[in-house]
Amino acid sequence: MRGIVSAAAYVPYRRLQRADVAKTFGSGGGRGTRSVASYDEDTTTLGVEAARAARRAADGVEPDAVWFATAEPAYLDKTNATAIHAALRLPAEAPAFDLGGALRSGVGALRIALSGSGSPLVVASDIRTGLPTGGDEAAGGDGAAAVLIGEGPGVIAEFLGAGAATEEFIDRWRTPGDLRSKVWEERFGETKYLPLVSQAWRRALDAASLTAGDVGRIAIAGMHARAVRSAAGRLEAEHAIPTDDLATTVGTTGTAHPAVLLTAMLEAAAPGEVLALVVLADGADVLLFRTTDAIAAWTPARPLADQVAAGADLPYGKFLAWRGMVAVEPPRRPEPARVSASAAGRSGDWKFGFVGTRDTESGLLSLPPAAGEGAATEPAPMADVAGTIVTFTIDRLAYSQSPPIVFAVVDFDGGGRFPVELTDVDASDVAIGDRVEMTFRRLFTADGIHDYFWKARPIRTAEV
């Protein structure tokens, strides 16, 4: 039996109230909220957070490969999946590959993994941006999801079969370097998608030896909202429980959305249910799963519903600044220097994995790792260890893309103290005694090189 061992979604903390768009420009926006990646997040860091959560809930199954899909990569030429690989501290023999550039890459990576062997971790991530007052700005959302594939008794959802229908047509496109996507007339896209989704649906049911009446839950993902709404009526699955598409709370997360909705279905499903994932992007894909008895014991590391409920509003002006749509006064400090490749290479476990050292005789924990480590020390992974703020300071002078910076001294559970920058916080809300957890973020970018490291954020959900 091959299928899904674990899955997790990651929704950034900040939310844009769509009504604020119209308040500013007199048009655009809409109802509800959309998720917003922080100034220190990109598709790689979003992917790391989803991957960490999926791995924690995997009941001991370790990934043997990382496949990363995004339509908004932090790097071109350079593989982005290697940073996820490093943050997870996977062994060197586990390959890491990008499958990027297109919305369909997310479901494509998932389908390839399900049809192969081993235990690949499929990570999909996206940051959706549009011009101010445009439909993409309002309807889009930022997020990521990760799905660990495997075999054996740990599988929580058996893969039953898939169907696809592909056709070349112009629906949505963005040439390299463009800030926004362009979209053809909606009615044209609808007339192309609906026959394709019907074909993919029939092929998937035939491959799984099922009928539409066997499907218990269904999720339909796609950036073409009109076609997504119309597709439900074409599938003859009215009895199936529809999955909230998160349009009013998170938005459509592009490449990541199929895996995000798949995670939502898994978190709501009981044993023995047939799940259908339908994806519209340059054609149509349908994946069918049946949940196993193991799903009853599976506990998500960070439930999607908790993340959606835990968001906090972001002013529209700050959203535009973070997206580079408006230029604000920069910090009156020199910008950081370019990251040294050789220095980063010498400290990879610390920089990407947040691994300190522990003295095997005294138990003393060193953060950063003690220099000249030898036989008396051992690695001390700290990325998944929570801590408590013992003191903090608000720095309005240091360079930051979103000042002020809040620095805190954190005492980690089980020992260890480290001064660290806080993120996903408002300076006025920080207090001594607050509980925090580590999160993988981008410190800055200089000469096109992203400097990734770890920050701390408040613990807002009960699972850590």
# chains A, B, ... in the order shown; residues from 1 in each chain; ligands from 1
$ closest_atom_pairs --of "segment 195-286 of chain A" --to "segment 29-43 of chain A" --cutoff "6 Å" --atoms "only C-alpha atoms" --output "Markdown table"
| residue | atom | partner | partner_atom | distance |
| --- | --- | --- | --- | --- |
| A:Thr248 | CA | A:Gly32 | CA | 4.8 |
| A:Thr249 | CA | A:Thr33 | CA | 4.8 |
| A:Val250 | CA | A:Arg34 | CA | 4.4 |
| A:Gly251 | CA | A:Arg34 | CA | 5.0 |
$ write_last_selection --atoms "N, CA and C atoms" --output "JSON list (two decimals), in the first residue's frame"
[["chain", "number", "residue", "atom", "x", "y", "z"],
["A", 248, "THR", "N", -12.15, 33.03, 1.51],
["A", 248, "THR", "CA", -12.49, 34.22, 2.29],
["A", 248, "THR", "C", -11.56, 34.47, 3.47],
["A", 249, "THR", "N", -10.70, 33.51, 3.78],
["A", 249, "THR", "CA", -9.84, 33.65, 4.96],
["A", 249, "THR", "C", -8.35, 33.70, 4.61],
["A", 250, "VAL", "N", -7.93, 32.86, 3.66],
["A", 250, "VAL", "CA", -6.52, 32.74, 3.30],
["A", 250, "VAL", "C", -6.27, 33.24, 1.88],
["A", 251, "GLY", "N", -7.19, 32.95, 0.98],
["A", 251, "GLY", "CA", -6.99, 33.22, -0.42],
["A", 251, "GLY", "C", -6.49, 31.98, -1.14]]
$ residues_around --residues "segment 282-290 of chain A" --least-positions-apart "2" --cutoff "7 Å" --atoms "only C-alpha atoms" --output "PyMOL selection string"
chain A and resi 104+157-168+193+196-197+200-201+204+272-280+292
$ write_last_selection --atoms "C-alpha atoms" --output "compact mmCIF listing (two decimals), in the first residue's frame"
# COMPACT_ATOMS: atom_id res chain seq x y z
CA ARG A 104 0.66 22.86 -12.11
CA ALA A 157 -4.41 7.72 2.98
CA GLU A 158 -3.87 5.07 0.31
CA PHE A 159 -3.39 6.34 -3.23
CA LEU A 160 -6.09 4.76 -5.40
CA GLY A 161 -5.49 6.30 -8.80
CA ALA A 162 -5.32 9.49 -10.82
CA GLY A 163 -6.53 10.99 -14.07
CA ALA A 164 -5.34 13.91 -16.14
CA ALA A 165 -6.34 15.95 -19.17
CA THR A 166 -3.90 18.36 -20.78
CA GLU A 167 -4.39 20.98 -23.46
CA GLU A 168 -2.34 23.99 -24.52
CA TYR A 193 -11.41 23.82 -18.25
CA LEU A 196 -10.92 18.78 -19.28
CA VAL A 197 -11.98 18.32 -15.67
CA ALA A 200 -9.73 13.75 -15.82
CA TRP A 201 -12.53 12.84 -13.38
CA ALA A 204 -9.37 8.83 -12.23
CA GLY A 272 -12.42 4.55 5.20
CA GLU A 273 -13.35 7.76 3.40
CA VAL A 274 -12.56 8.30 -0.28
CA LEU A 275 -11.00 11.70 -0.89
CA ALA A 276 -10.89 13.43 -4.28
CA LEU A 277 -8.43 16.21 -5.06
CA VAL A 278 -9.32 18.07 -8.25
CA VAL A 279 -6.85 20.60 -9.66
CA LEU A 280 -7.38 23.04 -12.55
CA THR A 292 -6.88 4.02 6.42
$ residues_around --residues "Glu151 of chain A" --least-positions-apart "2" --cutoff "8 Å" --atoms "only C-alpha atoms" --output "list in words"
Met1, Arg2, Gly3, Val5, Gly118, Ser119, Ile149, Pro153, Gly154 and Val155 of chain A
$ write_last_selection --atoms "C-alpha atoms" --output "mmCIF file, in the first residue's frame"
data_model
loop_
_atom_site.group_PDB
_atom_site.id
_atom_site.type_symbol
_atom_site.label_atom_id
_atom_site.label_comp_id
_atom_site.auth_asym_id
_atom_site.auth_seq_id
_atom_site.Cartn_x
_atom_site.Cartn_y
_atom_site.Cartn_z
ATOM 1 C CA MET A 1 0.000 0.000 0.000
ATOM 2 C CA ARG A 2 1.446 3.360 -1.070
ATOM 3 C CA GLY A 3 0.105 6.743 -0.158
ATOM 4 C CA VAL A 5 2.152 9.185 5.565
ATOM 5 C CA GLY A 118 10.724 5.529 -1.435
ATOM 6 C CA SER A 119 9.574 8.287 0.904
ATOM 7 C CA ILE A 149 4.743 9.863 0.749
ATOM 8 C CA PRO A 153 1.207 0.476 7.923
ATOM 9 C CA GLY A 154 2.007 4.157 8.532
ATOM 10 C CA VAL A 155 0.054 5.271 5.454
#
$ atom_distance --atom1 "atom CA of Pro271 of chain A" --atom2 "atom CA of Ile295 of chain A"
6.2 Å
$ residues_around --residues "segment 126-131 of chain A" --least-positions-apart "5" --cutoff "9 Å" --atoms "only C-alpha atoms" --output "PyMOL selection string"
chain A and resi 36-37+42-44+46-47+69-73+103+136-144+179-181+252-257+323+325
$ decode --residues "segment 14-47 of chain A" --atoms "N, CA and C atoms" --output "PDB file, in the first residue's frame"
ATOM      1  N   ARG A  14       0.305  36.896   9.198  1.00  0.00           N
ATOM      2  CA  ARG A  14      -0.343  38.166   8.888  1.00  0.00           C
ATOM      3  C   ARG A  14      -1.489  38.012   7.902  1.00  0.00           C
ATOM      4  N   ARG A  15      -2.506  38.904   8.038  1.00  0.00           N
ATOM      5  CA  ARG A  15      -3.669  38.923   7.165  1.00  0.00           C
ATOM      6  C   ARG A  15      -3.922  40.346   6.665  1.00  0.00           C
ATOM      7  N   LEU A  16      -4.314  40.444   5.416  1.00  0.00           N
ATOM      8  CA  LEU A  16      -4.758  41.711   4.851  1.00  0.00           C
ATOM      9  C   LEU A  16      -6.277  41.715   4.790  1.00  0.00           C
ATOM     10  N   GLN A  17      -6.885  42.713   5.413  1.00  0.00           N
ATOM     11  CA  GLN A  17      -8.327  42.904   5.281  1.00  0.00           C
ATOM     12  C   GLN A  17      -8.595  43.471   3.890  1.00  0.00           C
ATOM     13  N   ARG A  18      -9.321  42.716   3.065  1.00  0.00           N
ATOM     14  CA  ARG A  18      -9.536  43.149   1.685  1.00  0.00           C
ATOM     15  C   ARG A  18     -10.284  44.475   1.599  1.00  0.00           C
ATOM     16  N   ALA A  19     -11.113  44.759   2.588  1.00  0.00           N
ATOM     17  CA  ALA A  19     -11.849  46.024   2.576  1.00  0.00           C
ATOM     18  C   ALA A  19     -10.921  47.227   2.659  1.00  0.00           C
ATOM     19  N   ASP A  20      -9.704  47.036   3.201  1.00  0.00           N
ATOM     20  CA  ASP A  20      -8.764  48.151   3.314  1.00  0.00           C
ATOM     21  C   ASP A  20      -8.291  48.641   1.951  1.00  0.00           C
ATOM     22  N   VAL A  21      -8.336  47.776   0.949  1.00  0.00           N
ATOM     23  CA  VAL A  21      -7.917  48.186  -0.394  1.00  0.00           C
ATOM     24  C   VAL A  21      -8.848  49.269  -0.923  1.00  0.00           C
ATOM     25  N   ALA A  22     -10.144  49.028  -0.834  1.00  0.00           N
ATOM     26  CA  ALA A  22     -11.119  50.011  -1.311  1.00  0.00           C
ATOM     27  C   ALA A  22     -11.083  51.286  -0.471  1.00  0.00           C
ATOM     28  N   LYS A  23     -10.799  51.164   0.812  1.00  0.00           N
ATOM     29  CA  LYS A  23     -10.708  52.358   1.661  1.00  0.00           C
ATOM     30  C   LYS A  23      -9.558  53.250   1.210  1.00  0.00           C
ATOM     31  N   THR A  24      -8.513  52.638   0.663  1.00  0.00           N
ATOM     32  CA  THR A  24      -7.342  53.400   0.231  1.00  0.00           C
ATOM     33  C   THR A  24      -7.504  53.945  -1.175  1.00  0.00           C
ATOM     34  N   PHE A  25      -7.978  53.099  -2.106  1.00  0.00           N
ATOM     35  CA  PHE A  25      -8.015  53.479  -3.514  1.00  0.00           C
ATOM     36  C   PHE A  25      -9.416  53.776  -4.054  1.00  0.00           C
ATOM     37  N   GLY A  26     -10.432  53.438  -3.267  1.00  0.00           N
ATOM     38  CA  GLY A  26     -11.791  53.656  -3.744  1.00  0.00           C
ATOM     39  C   GLY A  26     -12.330  52.534  -4.597  1.00  0.00           C
ATOM     40  N   SER A  27     -11.526  51.495  -4.846  1.00  0.00           N
ATOM     41  CA  SER A  27     -11.967  50.337  -5.621  1.00  0.00           C
ATOM     42  C   SER A  27     -11.079  49.164  -5.263  1.00  0.00           C
ATOM     43  N   GLY A  28     -11.477  47.986  -5.760  1.00  0.00           N
ATOM     44  CA  GLY A  28     -10.693  46.781  -5.499  1.00  0.00           C
ATOM     45  C   GLY A  28     -11.030  46.155  -4.163  1.00  0.00           C
ATOM     46  N   GLY A  29     -10.210  45.210  -3.771  1.00  0.00           N
ATOM     47  CA  GLY A  29     -10.416  44.538  -2.502  1.00  0.00           C
ATOM     48  C   GLY A  29     -11.553  43.545  -2.548  1.00  0.00           C
ATOM     49  N   GLY A  30     -12.409  43.603  -1.543  1.00  0.00           N
ATOM     50  CA  GLY A  30     -13.515  42.659  -1.443  1.00  0.00           C
ATOM     51  C   GLY A  30     -13.791  42.338   0.001  1.00  0.00           C
ATOM     52  N   ARG A  31     -14.382  41.178   0.228  1.00  0.00           N
ATOM     53  CA  ARG A  31     -14.729  40.762   1.582  1.00  0.00           C
ATOM     54  C   ARG A  31     -13.721  39.745   2.095  1.00  0.00           C
ATOM     55  N   GLY A  32     -13.595  39.672   3.407  1.00  0.00           N
ATOM     56  CA  GLY A  32     -12.727  38.677   4.022  1.00  0.00           C
ATOM     57  C   GLY A  32     -11.278  39.115   4.067  1.00  0.00           C
ATOM     58  N   THR A  33     -10.397  38.126   4.259  1.00  0.00           N
ATOM     59  CA  THR A  33      -8.971  38.392   4.409  1.00  0.00           C
ATOM     60  C   THR A  33      -8.160  37.503   3.479  1.00  0.00           C
ATOM     61  N   ARG A  34      -6.903  37.853   3.306  1.00  0.00           N
ATOM     62  CA  ARG A  34      -5.955  37.003   2.606  1.00  0.00           C
ATOM     63  C   ARG A  34      -4.689  36.907   3.443  1.00  0.00           C
ATOM     64  N   SER A  35      -3.995  35.791   3.352  1.00  0.00           N
ATOM     65  CA  SER A  35      -2.762  35.603   4.100  1.00  0.00           C
ATOM     66  C   SER A  35      -1.625  36.356   3.427  1.00  0.00           C
ATOM     67  N   VAL A  36      -0.674  36.827   4.234  1.00  0.00           N
ATOM     68  CA  VAL A  36       0.441  37.632   3.740  1.00  0.00           C
ATOM     69  C   VAL A  36       1.736  37.108   4.337  1.00  0.00           C
ATOM     70  N   ALA A  37       2.653  36.709   3.482  1.00  0.00           N
ATOM     71  CA  ALA A  37       3.981  36.326   3.944  1.00  0.00           C
ATOM     72  C   ALA A  37       4.690  37.549   4.506  1.00  0.00           C
ATOM     73  N   SER A  38       5.402  37.375   5.593  1.00  0.00           N
ATOM     74  CA  SER A  38       6.112  38.475   6.222  1.00  0.00           C
ATOM     75  C   SER A  38       7.257  38.961   5.338  1.00  0.00           C
ATOM     76  N   TYR A  39       7.776  40.125   5.656  1.00  0.00           N
ATOM     77  CA  TYR A  39       8.915  40.678   4.916  1.00  0.00           C
ATOM     78  C   TYR A  39      10.124  39.750   4.963  1.00  0.00           C
ATOM     79  N   ASP A  40      10.213  38.897   5.977  1.00  0.00           N
ATOM     80  CA  ASP A  40      11.359  37.992   6.113  1.00  0.00           C
ATOM     81  C   ASP A  40      11.026  36.567   5.669  1.00  0.00           C
ATOM     82  N   GLU A  41       9.937  36.403   4.925  1.00  0.00           N
ATOM     83  CA  GLU A  41       9.561  35.098   4.398  1.00  0.00           C
ATOM     84  C   GLU A  41       9.616  35.118   2.874  1.00  0.00           C
ATOM     85  N   ASP A  42       9.978  33.990   2.298  1.00  0.00           N
ATOM     86  CA  ASP A  42       9.863  33.772   0.861  1.00  0.00           C
ATOM     87  C   ASP A  42       9.350  32.356   0.665  1.00  0.00           C
ATOM     88  N   THR A  43       9.258  31.904  -0.570  1.00  0.00           N
ATOM     89  CA  THR A  43       8.670  30.586  -0.791  1.00  0.00           C
ATOM     90  C   THR A  43       9.514  29.474  -0.178  1.00  0.00           C
ATOM     91  N   THR A  44      10.823  29.688  -0.057  1.00  0.00           N
ATOM     92  CA  THR A  44      11.668  28.671   0.582  1.00  0.00           C
ATOM     93  C   THR A  44      11.377  28.577   2.068  1.00  0.00           C
ATOM     94  N   THR A  45      11.319  29.705   2.770  1.00  0.00           N
ATOM     95  CA  THR A  45      11.055  29.649   4.215  1.00  0.00           C
ATOM     96  C   THR A  45       9.647  29.150   4.501  1.00  0.00           C
ATOM     97  N   LEU A  46       8.674  29.524   3.658  1.00  0.00           N
ATOM     98  CA  LEU A  46       7.326  28.979   3.829  1.00  0.00           C
ATOM     99  C   LEU A  46       7.354  27.457   3.699  1.00  0.00           C
ATOM    100  N   GLY A  47       8.105  26.974   2.704  1.00  0.00           N
ATOM    101  CA  GLY A  47       8.211  25.536   2.504  1.00  0.00           C
ATOM    102  C   GLY A  47       8.866  24.821   3.670  1.00  0.00           C
TER     103      GLY A  47
END
